[in-house]
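Text of query22.cif, listed as mmCIF, C-alpha atoms and all ligand atoms:
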data_data
loop_
_atom_site.group_PDB
_atom_site.id
_atom_site.type_symbol
_atom_site.label_atom_id
_atom_site.label_comp_id
_atom_site.auth_asym_id
_atom_site.auth_seq_id
_atom_site.Cartn_x
_atom_site.Cartn_y
_atom_site.Cartn_z
ATOM 1 C CA MET A 1 0.000 0.000 0.000
ATOM 2 C CA LEU A 2 2.768 2.390 1.027
ATOM 3 C CA ILE A 3 4.735 1.548 -2.117
ATOM 4 C CA ARG A 4 1.698 2.055 -4.329
ATOM 5 C CA HIS A 5 1.038 5.360 -2.580
ATOM 6 C CA SER A 6 4.569 6.721 -3.108
ATOM 7 C CA ALA A 7 4.551 5.477 -6.726
ATOM 8 C CA PHE A 8 1.363 7.438 -7.262
ATOM 9 C CA LEU A 9 2.935 10.528 -5.663
ATOM 10 C CA GLY A 10 5.945 10.111 -7.926
ATOM 11 C CA LEU A 11 3.681 9.962 -10.960
ATOM 12 C CA LEU A 12 1.885 13.102 -9.784
ATOM 13 C CA LEU A 13 5.208 14.916 -9.359
ATOM 14 C CA THR A 14 6.379 13.834 -12.813
ATOM 15 C CA LEU A 15 3.090 15.068 -14.284
ATOM 16 C CA LEU A 16 3.471 18.363 -12.426
ATOM 17 C CA ILE A 17 7.005 18.830 -13.774
ATOM 18 C CA LEU A 18 5.861 17.931 -17.309
ATOM 19 C CA LEU A 19 2.920 20.324 -17.094
ATOM 20 C CA THR A 20 4.847 23.259 -15.631
ATOM 21 C CA GLY A 21 7.694 22.561 -18.064
ATOM 22 C CA PRO A 22 11.382 23.408 -17.905
ATOM 23 C CA ALA A 23 10.579 27.113 -18.419
ATOM 24 C CA ALA A 24 9.470 27.266 -14.790
ATOM 25 C CA TYR A 25 13.028 26.331 -13.835
ATOM 26 C CA ALA A 26 14.687 28.786 -16.177
ATOM 27 C CA GLN A 27 16.147 30.755 -13.243
ATOM 28 C CA VAL A 28 18.040 27.733 -11.941
ATOM 29 C CA PRO A 29 21.679 28.567 -12.710
ATOM 30 C CA GLN A 30 23.697 25.854 -14.366
ATOM 31 C CA LEU A 31 26.312 25.660 -11.620
ATOM 32 C CA ALA A 32 27.859 22.717 -13.359
ATOM 33 C CA SER A 33 27.723 20.738 -16.566
ATOM 34 C CA GLU A 34 25.141 17.988 -16.921
ATOM 35 C CA LEU A 35 27.683 15.436 -15.828
ATOM 36 C CA ARG A 36 26.432 13.132 -13.088
ATOM 37 C CA PRO A 37 27.721 9.940 -11.483
ATOM 38 C CA LYS A 38 26.160 6.616 -12.480
ATOM 39 C CA GLU A 39 23.355 5.754 -10.121
ATOM 40 C CA ALA A 40 23.487 2.700 -7.813
ATOM 41 C CA ARG A 41 20.996 2.553 -4.939
ATOM 42 C CA VAL A 42 23.096 0.107 -2.930
ATOM 43 C CA PRO A 43 25.381 0.434 0.129
ATOM 44 C CA GLY A 44 28.421 2.365 -1.131
ATOM 45 C CA GLY A 45 26.463 3.699 -4.084
ATOM 46 C CA VAL A 46 24.858 7.002 -5.070
ATOM 47 C CA ALA A 47 21.124 7.763 -5.344
ATOM 48 C CA LEU A 48 20.180 10.626 -7.680
ATOM 49 C CA ILE A 49 16.964 12.155 -6.358
ATOM 50 C CA ALA A 50 15.000 14.981 -8.018
ATOM 51 C CA ILE A 51 14.038 17.739 -5.566
ATOM 52 C CA PRO A 52 10.621 19.274 -6.286
ATOM 53 C CA GLN A 53 11.745 22.849 -5.567
ATOM 54 C CA LYS A 54 11.596 25.605 -8.171
ATOM 55 C CA SER A 55 14.170 28.159 -7.108
ATOM 56 C CA ALA A 56 17.375 29.728 -8.309
ATOM 57 C CA SER A 57 19.015 29.039 -4.963
ATOM 58 C CA PRO A 58 19.903 25.452 -4.162
ATOM 59 C CA PRO A 59 17.512 23.503 -1.924
ATOM 60 C CA TYR A 60 18.552 22.411 1.559
ATOM 61 C CA VAL A 61 18.607 18.623 1.509
ATOM 62 C CA HIS A 62 19.837 16.268 4.221
ATOM 63 C CA TYR A 63 20.231 12.542 4.799
ATOM 64 C CA GLN A 64 21.215 10.784 8.028
ATOM 65 C CA ASN A 65 21.827 14.233 9.558
ATOM 66 C CA LYS A 66 24.335 15.242 6.857
ATOM 67 C CA ARG A 67 23.750 17.918 4.268
ATOM 68 C CA VAL A 68 23.648 16.553 0.725
ATOM 69 C CA TYR A 69 25.253 17.758 -2.521
ATOM 70 C CA VAL A 70 22.779 19.223 -5.024
ATOM 71 C CA SER A 71 23.314 19.933 -8.702
ATOM 72 C CA PRO A 72 21.086 21.367 -11.435
ATOM 73 C CA TYR A 73 20.279 19.028 -14.292
ATOM 74 C CA GLN A 74 17.679 19.499 -17.035
ATOM 75 C CA GLY A 75 16.036 22.440 -15.284
ATOM 76 C CA GLN A 76 15.706 20.722 -11.960
ATOM 77 C CA TRP A 77 17.660 20.292 -8.730
ATOM 78 C CA TRP A 78 19.056 16.819 -8.077
ATOM 79 C CA ALA A 79 20.492 15.488 -4.832
ATOM 80 C CA TRP A 80 23.509 13.191 -5.109
ATOM 81 C CA VAL A 81 23.026 11.038 -2.049
ATOM 82 C CA GLY A 82 26.034 9.045 -0.864
ATOM 83 C CA ILE A 83 24.813 5.773 0.670
ATOM 84 C CA PRO A 84 27.200 4.482 3.400
ATOM 85 C CA LEU A 85 28.678 0.997 2.997
ATOM 86 C CA ASP A 86 27.047 -0.084 6.263
ATOM 87 C CA ALA A 87 23.577 1.134 5.193
ATOM 88 C CA LYS A 88 20.709 -1.290 5.762
ATOM 89 C CA THR A 89 18.687 -2.397 2.757
ATOM 90 C CA GLY A 90 15.096 -1.197 2.456
ATOM 91 C CA THR A 91 13.414 2.193 2.548
ATOM 92 C CA HIS A 92 15.607 5.249 3.192
ATOM 93 C CA THR A 93 14.461 8.832 3.535
ATOM 94 C CA LEU A 94 16.064 11.964 2.150
ATOM 95 C CA TYR A 95 14.827 15.197 3.727
ATOM 96 C CA TRP A 96 14.139 18.386 1.842
ATOM 97 C CA ARG A 97 13.676 21.585 3.866
ATOM 98 C CA THR A 98 10.590 23.695 2.995
ATOM 99 C CA LYS A 99 8.815 26.634 4.666
ATOM 100 C CA GLU A 100 6.403 24.102 6.146
ATOM 101 C CA GLY A 101 9.234 22.004 7.552
ATOM 102 C CA ASP A 102 11.161 18.966 6.366
ATOM 103 C CA LYS A 103 9.551 16.767 3.735
ATOM 104 C CA GLY A 104 10.633 13.170 3.293
ATOM 105 C CA LEU A 105 11.545 11.737 -0.098
ATOM 106 C CA GLU A 106 11.717 7.974 0.103
ATOM 107 C CA PHE A 107 13.989 5.717 -1.918
ATOM 108 C CA ASN A 108 14.882 2.057 -1.780
ATOM 109 C CA VAL A 109 18.376 0.676 -1.063
ATOM 110 C CA GLN A 110 19.071 -2.782 -2.451
ATOM 111 C CA ALA A 111 21.621 -5.332 -1.238
ATOM 112 C CA LYS A 112 25.047 -5.663 -2.835
ATOM 113 C CA GLU A 113 27.592 -8.430 -2.186
ATOM 114 C CA TYR A 114 31.152 -7.153 -2.335
ATOM 115 C CA GLU A 115 34.158 -9.426 -2.875
ATOM 116 C CA LYS A 116 36.377 -10.897 -0.127
ATOM 117 C CA GLN A 117 40.197 -10.997 -0.187
ATOM 118 C CA TYR A 118 42.838 -12.527 2.097
ATOM 119 C CA LEU A 119 46.262 -10.850 2.408
ATOM 120 C CA GLN A 120 49.465 -11.480 4.338
ATOM 121 C CA VAL A 121 51.114 -8.260 5.548
ATOM 122 C CA LYS A 122 53.999 -7.279 7.848
ATOM 123 C CA ASN A 123 53.035 -7.585 11.492
ATOM 124 C CA LYS A 124 53.966 -4.044 12.512
ATOM 125 C CA HIS A 125 50.987 -2.812 10.514
ATOM 126 C CA VAL A 126 48.469 -5.365 11.763
ATOM 127 C CA ASN A 127 48.932 -4.583 15.442
ATOM 128 C CA PRO A 128 50.355 -1.067 15.858
ATOM 129 C CA ASN A 129 52.348 -0.361 19.033
ATOM 130 C CA THR A 130 51.404 2.300 21.626
ATOM 131 C CA ASP A 131 53.162 5.167 19.835
ATOM 132 C CA GLN A 132 51.645 4.176 16.520
ATOM 133 C CA LEU A 133 48.187 3.929 18.106
ATOM 134 C CA ALA A 134 48.567 7.450 19.501
ATOM 135 C CA ARG A 135 49.549 8.650 16.052
ATOM 136 C CA ILE A 136 46.567 6.892 14.431
ATOM 137 C CA ARG A 137 44.205 8.418 17.038
ATOM 138 C CA ARG A 138 45.548 11.869 16.218
ATOM 139 C CA GLU A 139 45.443 11.426 12.451
ATOM 140 C CA THR A 140 42.089 9.679 11.984
ATOM 141 C CA PRO A 141 39.878 12.652 13.009
ATOM 142 C CA GLU A 142 42.077 14.995 10.942
ATOM 143 C CA ILE A 143 41.564 12.915 7.787
ATOM 144 C CA ARG A 144 37.845 12.290 8.465
ATOM 145 C CA GLY A 145 37.324 15.986 9.213
ATOM 146 C CA ALA A 146 38.848 16.975 5.876
ATOM 147 C CA MET A 147 36.802 14.385 3.932
ATOM 148 C CA ASP A 148 33.518 15.124 5.698
ATOM 149 C CA THR A 149 33.524 18.939 5.407
ATOM 150 C CA TRP A 150 30.578 20.863 3.982
ATOM 151 C CA TYR A 151 31.191 24.240 2.343
ATOM 152 C CA PRO A 152 28.517 26.032 0.291
ATOM 153 C CA PHE A 153 30.281 26.110 -3.045
ATOM 154 C CA GLN A 154 30.434 23.832 -6.036
ATOM 155 C CA THR A 155 33.442 23.557 -8.313
ATOM 156 C CA PRO A 156 32.865 23.047 -12.048
ATOM 157 C CA LEU A 157 32.679 19.433 -13.122
ATOM 158 C CA PRO A 158 35.096 18.295 -15.853
ATOM 159 C CA GLU A 159 33.950 17.625 -19.430
ATOM 160 C CA THR A 160 34.245 13.970 -18.610
ATOM 161 C CA TRP A 161 35.188 12.216 -15.366
ATOM 162 C CA ILE A 162 38.965 11.941 -15.099
ATOM 163 C CA GLN A 163 40.627 8.802 -13.754
ATOM 164 C CA PRO A 164 43.365 10.279 -11.509
ATOM 165 C CA THR A 165 46.140 7.969 -12.693
ATOM 166 C CA GLN A 166 46.715 5.462 -15.471
ATOM 167 C CA GLY A 167 46.967 1.841 -14.430
ATOM 168 C CA ARG A 168 45.173 -1.385 -13.637
ATOM 169 C CA ILE A 169 42.402 -1.327 -11.041
ATOM 170 C CA SER A 170 44.000 -3.732 -8.566
ATOM 171 C CA SER A 171 41.393 -3.548 -5.837
ATOM 172 C CA SER A 172 37.846 -2.355 -6.127
ATOM 173 C CA PHE A 173 35.726 -0.426 -3.682
ATOM 174 C CA GLY A 174 33.843 -2.348 -0.984
ATOM 175 C CA LEU A 175 36.200 -5.309 -0.965
ATOM 176 C CA GLN A 176 36.140 -7.102 2.413
ATOM 177 C CA ARG A 177 39.777 -7.615 3.366
ATOM 178 C CA PHE A 178 41.376 -9.974 5.831
ATOM 179 C CA PHE A 179 44.956 -9.116 6.886
ATOM 180 C CA ASN A 180 46.604 -12.274 8.279
ATOM 181 C CA ASN A 181 43.051 -13.596 8.690
ATOM 182 C CA GLN A 182 41.927 -10.573 10.735
ATOM 183 C CA ALA A 183 38.832 -8.918 9.237
ATOM 184 C CA ARG A 184 39.333 -5.249 8.348
ATOM 185 C CA ARG A 185 36.850 -2.596 7.389
ATOM 186 C CA PRO A 186 35.659 -2.883 3.772
ATOM 187 C CA HIS A 187 37.816 -1.108 1.199
ATOM 188 C CA SER A 188 36.814 2.565 1.244
ATOM 189 C CA GLY A 189 38.188 3.421 -2.179
ATOM 190 C CA MET A 190 39.605 2.158 -5.450
ATOM 191 C CA ASP A 191 43.224 1.043 -5.896
ATOM 192 C CA ILE A 192 44.952 1.775 -9.174
ATOM 193 C CA ALA A 193 48.265 -0.081 -9.482
ATOM 194 C CA ALA A 194 51.013 1.815 -11.307
ATOM 195 C CA PRO A 195 54.812 2.092 -11.037
ATOM 196 C CA THR A 196 56.228 4.541 -8.474
ATOM 197 C CA GLY A 197 56.483 7.964 -10.062
ATOM 198 C CA THR A 198 53.421 7.668 -12.347
ATOM 199 C CA PRO A 199 51.693 11.088 -12.399
ATOM 200 C CA ILE A 200 48.442 11.579 -10.450
ATOM 201 C CA VAL A 201 46.002 14.344 -11.413
ATOM 202 C CA ALA A 202 42.969 15.933 -9.755
ATOM 203 C CA ALA A 203 39.830 14.019 -10.839
ATOM 204 C CA LEU A 204 37.936 17.313 -10.875
ATOM 205 C CA THR A 205 38.550 20.934 -9.870
ATOM 206 C CA GLY A 206 38.833 21.290 -6.120
ATOM 207 C CA LYS A 207 40.375 23.152 -3.207
ATOM 208 C CA VAL A 208 43.136 21.429 -1.287
ATOM 209 C CA ARG A 209 41.577 20.687 2.108
ATOM 210 C CA ALA A 210 44.415 18.606 3.627
ATOM 211 C CA VAL A 211 47.977 17.542 2.836
ATOM 212 C CA GLY A 212 49.810 15.120 5.109
ATOM 213 C CA ASP A 213 51.942 12.055 5.664
ATOM 214 C CA TYR A 214 49.873 9.600 7.698
ATOM 215 C CA TYR A 215 50.487 6.200 9.305
ATOM 216 C CA PHE A 216 47.984 4.230 7.217
ATOM 217 C CA ASN A 217 47.579 6.468 4.163
ATOM 218 C CA GLY A 218 51.159 7.684 3.744
ATOM 219 C CA LYS A 219 51.502 10.885 1.694
ATOM 220 C CA THR A 220 47.963 12.127 1.140
ATOM 221 C CA VAL A 221 46.044 14.912 -0.600
ATOM 222 C CA ILE A 222 42.353 15.647 0.044
ATOM 223 C CA LEU A 223 40.448 17.846 -2.428
ATOM 224 C CA ASP A 224 37.150 19.571 -1.629
ATOM 225 C CA HIS A 225 34.730 20.012 -4.549
ATOM 226 C CA GLY A 226 32.108 21.761 -2.426
ATOM 227 C CA GLN A 227 28.896 20.701 -0.679
ATOM 228 C CA GLY A 228 30.489 17.677 0.983
ATOM 229 C CA PHE A 229 31.898 16.194 -2.235
ATOM 230 C CA THR A 230 35.579 15.315 -1.628
ATOM 231 C CA THR A 231 38.264 13.102 -3.162
ATOM 232 C CA LEU A 232 41.296 11.623 -1.383
ATOM 233 C CA TYR A 233 44.550 10.454 -3.031
ATOM 234 C CA CYS A 234 47.044 8.519 -0.917
ATOM 235 C CA HIS A 235 50.222 6.377 -0.687
ATOM 236 C CA LEU A 236 51.923 9.019 -2.883
ATOM 237 C CA SER A 237 55.703 8.974 -3.315
ATOM 238 C CA GLU A 238 55.697 12.707 -3.885
ATOM 239 C CA ILE A 239 53.225 15.587 -3.538
ATOM 240 C CA ALA A 240 53.549 18.412 -6.100
ATOM 241 C CA PRO A 241 55.014 21.576 -4.474
ATOM 242 C CA GLN A 242 52.030 23.796 -5.400
ATOM 243 C CA VAL A 243 49.650 21.485 -3.497
ATOM 244 C CA GLN A 244 49.122 23.511 -0.302
ATOM 245 C CA VAL A 245 45.993 23.767 1.869
ATOM 246 C CA GLY A 246 43.570 26.312 0.377
ATOM 247 C CA VAL A 247 44.978 26.224 -3.167
ATOM 248 C CA GLU A 248 42.555 25.401 -5.997
ATOM 249 C CA LEU A 249 43.618 22.675 -8.418
ATOM 250 C CA GLN A 250 42.013 22.389 -11.840
ATOM 251 C CA ALA A 251 40.571 19.116 -13.134
ATOM 252 C CA GLY A 252 43.455 17.189 -14.675
ATOM 253 C CA GLU A 253 46.156 19.217 -12.880
ATOM 254 C CA ARG A 254 49.134 17.266 -11.461
ATOM 255 C CA LEU A 255 48.959 16.742 -7.726
ATOM 256 C CA GLY A 256 51.656 14.157 -7.132
ATOM 257 C CA LYS A 257 53.124 10.781 -8.030
ATOM 258 C CA VAL A 258 52.189 7.176 -7.323
ATOM 259 C CA GLY A 259 54.111 5.596 -4.450
ATOM 260 C CA ALA A 260 54.010 3.012 -1.675
ATOM 261 C CA THR A 261 53.959 5.187 1.476
ATOM 262 C CA GLY A 262 51.815 4.113 4.454
ATOM 263 C CA ARG A 263 50.301 0.643 4.837
ATOM 264 C CA VAL A 264 50.716 -0.955 1.407
ATOM 265 C CA THR A 265 52.005 -4.087 -0.266
ATOM 266 C CA GLY A 266 53.156 -2.310 -3.438
ATOM 267 C CA PRO A 267 52.987 1.005 -5.306
ATOM 268 C CA HIS A 268 49.451 2.117 -6.148
ATOM 269 C CA LEU A 269 47.064 5.007 -5.812
ATOM 270 C CA HIS A 270 44.245 4.601 -3.307
ATOM 271 C CA TRP A 271 41.436 6.932 -4.370
ATOM 272 C CA THR A 272 38.424 7.673 -2.162
ATOM 273 C CA VAL A 273 35.283 9.585 -3.142
ATOM 274 C CA THR A 274 33.024 10.989 -0.407
ATOM 275 C CA LEU A 275 29.508 12.431 -0.619
ATOM 276 C CA ASN A 276 27.709 13.612 2.564
ATOM 277 C CA GLY A 277 30.279 11.823 4.740
ATOM 278 C CA ALA A 278 29.721 8.475 2.976
ATOM 279 C CA ARG A 279 32.508 6.732 1.065
ATOM 280 C CA VAL A 280 31.067 5.797 -2.309
ATOM 281 C CA ASP A 281 32.301 3.695 -5.212
ATOM 282 C CA PRO A 282 34.733 5.783 -7.326
ATOM 283 C CA ALA A 283 33.868 3.574 -10.348
ATOM 284 C CA LEU A 284 30.513 5.406 -10.492
ATOM 285 C CA PHE A 285 32.496 8.549 -11.379
ATOM 286 C CA LEU A 286 34.502 7.035 -14.215
ATOM 287 C CA PRO A 287 33.483 6.756 -17.883
HETATM 288 ZN ZN ZN B 301 43.069 1.056 -1.206
#

Mind turning this structure into structure tokens?
Amino acid sequence: MLIRHSAFLGLLLTLLILLTGPAAYAQVPQLASELRPKEARVPGGVALIAIPQKSASPPYVHYQNKRVYVSPYQGQWWAWVGIPLDAKTGTHTLYWRTKEGDKGLEFNVQAKEYEKQYLQVKNKHVNPNTDQLARIRRETPEIRGAMDTWYPFQTPLPETWIQPTQGRISSSFGLQRFFNNQARRPHSGMDIAAPTGTPIVAALTGKVRAVGDYYFNGKTVILDHGQGFTTLYCHLSEIAPQVQVGVELQAGERLGKVGATGRVTGPHLHWTVTLNGARVDPALFLP
């Protein structure tokens, strides 16, 4: 009954949009190109939800208490909802703020089975000592804070999504890893294997939010593309000298070189994409 009801509402909304036509949305500025990620309503995926608000200013949309990225597309505002890897399957609600209060927009999250992998690694990285633990405790909130920021700007999207380095995808997003048979958190990004020194570029225009050399991630750059959309590049052998906090990098601009710094078994780029604090599959952002 509920499903039938929301389907009917959806049909009504579609009819309303068709009847009022794109002219009603003419004031909506094209903040970006029409480029969007591929949609996957699964844990670790992205839901693209149309927001029924006719305004030039972006709507206020939130999900699991985090503000959500919005982008104009075909005369309408669309929310790019990052679905966390630990999300439960079933009905989820996105909230859209109106004068009358928050309105819920329901969508369904389906199950996805990610692969499992067993690795043998050096012991010092499996069980860090006291000093290393202190370092990890200091660094973790710094990295999370930089990835989970929300600033009210949106950087232009590239003509096409740019893969940050050339190489073989050696480990996909969501992979459940076991280090020396100890279960680890699922893989939060995509690994691209390439020889040390292979250039890495910004996947899209963004402001440098963090630069560091961390215990797990090694040499790392975090770019902020606005509205909680961030990308992280780590295990770098070298970070380009112009990459300083606050500097804007253009899509395709060099940011560093592939390396094997931090906890790794060989040189590769680990690339993470975040929307509204959720790590999502970078493959959805590639051609
Ligand atoms: Zn990785």

ask   = Could you state the separation of atom CA of A:Tyr214 and atom CA of A:Ala134 in Å, given to one decimal place?
value = 12.1 Å

ask   = Would you name the residues within 7 Å of ligand ZN 301 (chain B), counting only C-alpha atoms and all ligand atoms, and put them as a PyMOL selection string?
value = chain A and resi 171+187-191+270-271

task = Apply the PyMOL selection byres (((chain A and resi 144) around 12) and not hetatm) to the structure shown and report the selected residues as a PyMOL selection string.
result = chain A and resi 136-143+145-149+209-210+222+228+230-232+272+274+276-279

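We find atom CA of A:Ala87 and atom CA of A:Ala111 to be spaced 9.3 Å apart.
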
task = To one decimal in Å, tell me the separation between atom CA of A:Val264 and atom CA of A:Ala40.
result =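 According to the coordinates, atom CA of A:Val264 and atom CA of A:Ala40 are separated by 29.0 Å.
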
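Shortest separation to A:Glu248 among A:His92, A:Arg263, A:His225, A:Lys99 occurs at residue A:His225, atoms counted being only C-alpha atoms.
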
Write out, as a tab-separated table, each residue of stretch 176-238 of chain A that has an atom at most 9 Å from stretch 62-70 of chain A, together with the closest pair of atoms and their distance in Å to one decimal, counting all atoms listed in the file, rows going by chain and rising number.
residue	atom	partner	partner_atom	distance
A:Gly226	CA	A:Tyr69	CA	7.9
A:Gln227	CA	A:Tyr69	CA	5.0
A:Gly228	CA	A:Tyr69	CA	6.3
A:Phe229	CA	A:Tyr69	CA	6.8

task = Determine the nearest neighbour of A:Tyr73 from the options A:Gly104, A:Arg36, A:Ala251, A:Tyr233, counting only C-alpha atoms.
result =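 Comparing A:Gly104, A:Arg36, A:Ala251, A:Tyr233 against A:Tyr73, the winner is A:Arg36.
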
message = Evaluate the PyMOL selection byres (((chain A and resi 216) around 12) and not hetatm) against this structure - the residues, as a ChimeraX atom specification, please.
response = /A:124-126,128,132-133,135-137,139-140,143,212-215,217-220,234-236,260-265,270
